[in-house]
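Colleague: Contents of run_7.txt (compact mmCIF, C-alpha atoms):
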```
# COMPACT_ATOMS: atom_id res chain seq x y z
CA MET A 1 -140.05 22.63 -21.59
CA THR A 2 -139.19 24.49 -24.79
CA THR A 3 -138.48 28.21 -24.55
CA TRP A 4 -139.90 30.13 -27.53
CA GLU A 5 -139.09 33.42 -29.16
CA TYR A 6 -141.81 35.28 -31.04
CA LEU A 7 -141.89 37.63 -34.02
CA ILE A 8 -144.74 39.63 -35.55
CA ILE A 9 -144.49 40.47 -39.24
CA SER A 10 -146.78 42.35 -41.60
CA LEU A 11 -147.79 40.84 -44.94
CA PRO A 12 -149.21 42.90 -47.79
CA GLU A 13 -152.77 42.41 -48.96
CA PHE A 14 -153.02 38.99 -50.59
CA GLU A 15 -152.96 38.96 -54.37
CA PRO A 16 -155.53 36.98 -56.36
CA ALA A 17 -154.79 33.23 -56.46
CA LYS A 18 -152.43 32.03 -59.19
CA ALA A 19 -151.93 28.61 -60.72
CA ALA A 20 -148.25 28.50 -59.71
CA GLN A 21 -147.55 28.00 -56.01
CA GLY A 22 -145.33 30.42 -54.14
CA GLU A 23 -145.72 33.24 -56.63
CA SER A 24 -146.81 36.03 -54.28
CA ALA A 25 -144.95 38.45 -52.02
CA SER A 26 -146.72 37.04 -48.96
CA VAL A 27 -145.84 33.41 -49.70
CA THR A 28 -142.25 34.38 -50.51
CA ARG A 29 -141.95 36.20 -47.17
CA LEU A 30 -143.45 33.30 -45.20
CA ASN A 31 -141.15 30.82 -46.95
CA ARG A 32 -138.12 33.00 -46.17
CA GLU A 33 -139.05 33.17 -42.48
CA GLY A 34 -139.76 29.41 -42.46
CA ALA A 35 -136.29 28.73 -43.84
CA GLU A 36 -134.93 30.47 -40.72
CA GLY A 37 -136.94 28.22 -38.40
CA TRP A 38 -139.99 30.44 -37.87
CA GLU A 39 -143.45 28.84 -37.78
CA ALA A 40 -146.65 30.86 -38.30
CA VAL A 41 -149.02 30.33 -35.39
CA GLY A 42 -151.57 33.09 -35.93
CA MET A 43 -152.79 35.52 -38.57
CA THR A 44 -155.01 38.59 -38.23
CA ALA A 45 -156.51 40.67 -41.04
CA LEU A 46 -155.94 44.39 -40.53
CA VAL A 47 -158.22 47.26 -41.57
CA ASP A 48 -155.93 48.32 -44.44
CA GLY A 49 -156.09 44.86 -46.06
CA SER A 50 -152.68 43.71 -44.83
CA PHE A 51 -152.16 40.85 -42.36
CA ALA A 52 -150.25 40.61 -39.09
CA VAL A 53 -148.66 37.18 -38.60
CA LEU A 54 -147.39 35.82 -35.30
CA LEU A 55 -144.38 33.52 -35.73
CA LYS A 56 -142.50 31.42 -33.18
CA ARG A 57 -139.37 29.27 -33.06
CA PRO A 58 -137.41 27.56 -30.30
CA LEU A 59 -135.04 29.97 -28.59
CA ALA A 60 -131.43 29.14 -29.37
CA GLY A 61 -129.91 27.67 -26.24
CA GLY A 62 -133.32 27.53 -24.57
CA SER A 63 -134.02 24.69 -22.17
CA LYS A 64 -135.89 21.61 -23.33
CA ASP A 65 -137.31 18.87 -21.11
```
Output the file's structure in the form of structure tokens.
Modeller:
Amino acid sequence: MTTWEYLIISLPEFEPAKAAQGESASVTRLNREGAEGWEAVGMTALVDGSFAVLLKRPLAGGSKD
């Protein structure tokens, strides 16, 4: 069984869509976390317009079956 570690991050309010991919602060942040092995597994809109994102990745040295 894989042992997971979890992280919750806050993303700013999403900007209007743009023609170029990856050109927003939110996408840049998610890509940076993804490069470190984090995978987004949940997203919740908050009252102030920002988003809370739950991320997970396998725990280093964690047991795997």
Colleague: Pick the closest to Lys56 (chain A) from A:Val41, A:Met1, A:Arg29, A:Glu23: which is it, counting all atoms listed in the file?
Modeller: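 Looking at the shortest contact to Lys56 (chain A), the residue is A:Val41.
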Colleague: Separation of CA of Gly42 (chain A) and CA of Leu7 (chain A), in Å?
Modeller: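 Result for CA of Gly42 (chain A) versus CA of Leu7 (chain A): 10.9 Å, one decimal.
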Colleague: Do you know which residues are at most 9 Å from Glu13 (chain A) counting all atoms listed in the file, after dropping those on the same chain fewer than 4 positions away, and could you put them as a list in words?
Modeller: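 Once the adjacent positions are removed, what remains is Ser26, Ala45, Asp48, Gly49, Ser50 and Phe51 of chain A.
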Colleague: Could you state the separation of CA of Ala60 (chain A) and CA of Ala25 (chain A) in Å, given to one decimal place?
Modeller: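 Straight-line distance from CA of Ala60 (chain A) to CA of Ala25 (chain A) works out to 28.0 Å.
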Colleague: When you count only C-alpha atoms, which of these residues is closest to Val47 (chain A): A:Pro12, A:Tyr6, A:Asn31, A:Ser24?
Modeller: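 For Val47 (chain A), the nearest of the given residues is A:Pro12.
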Colleague: To one decimal place in Å, what is the distance between CA of Thr3 (chain A) and CA of Thr44 (chain A)?
Modeller: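 A separation of 23.8 Å between them.
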Colleague: Compare A:Pro16, A:Glu5, A:Leu11, A:Gly61 by their minimum atom-to-atom distance to Gly37 (chain A), counting only C-alpha atoms, and give me the closest one.
Modeller: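 Closest to Gly37 (chain A) of all the choices is A:Glu5.
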Colleague: Within 8 Å of Ile8 (chain A), counting only C-alpha atoms, which residues qualify if same-chain residues fewer than 5 places away don't, as a list in words?
Modeller: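 After dropping sequence-adjacent residues, the list is Ala52, Val53, Leu54 and Leu55 of chain A.
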Colleague: Hey, what's within 9 Å of Leu30 (chain A) if we count only C-alpha atoms and toss same-chain stuff fewer than 6 positions away? As a PyMOL selection string, please?
Modeller: chain A and resi 11+38-40
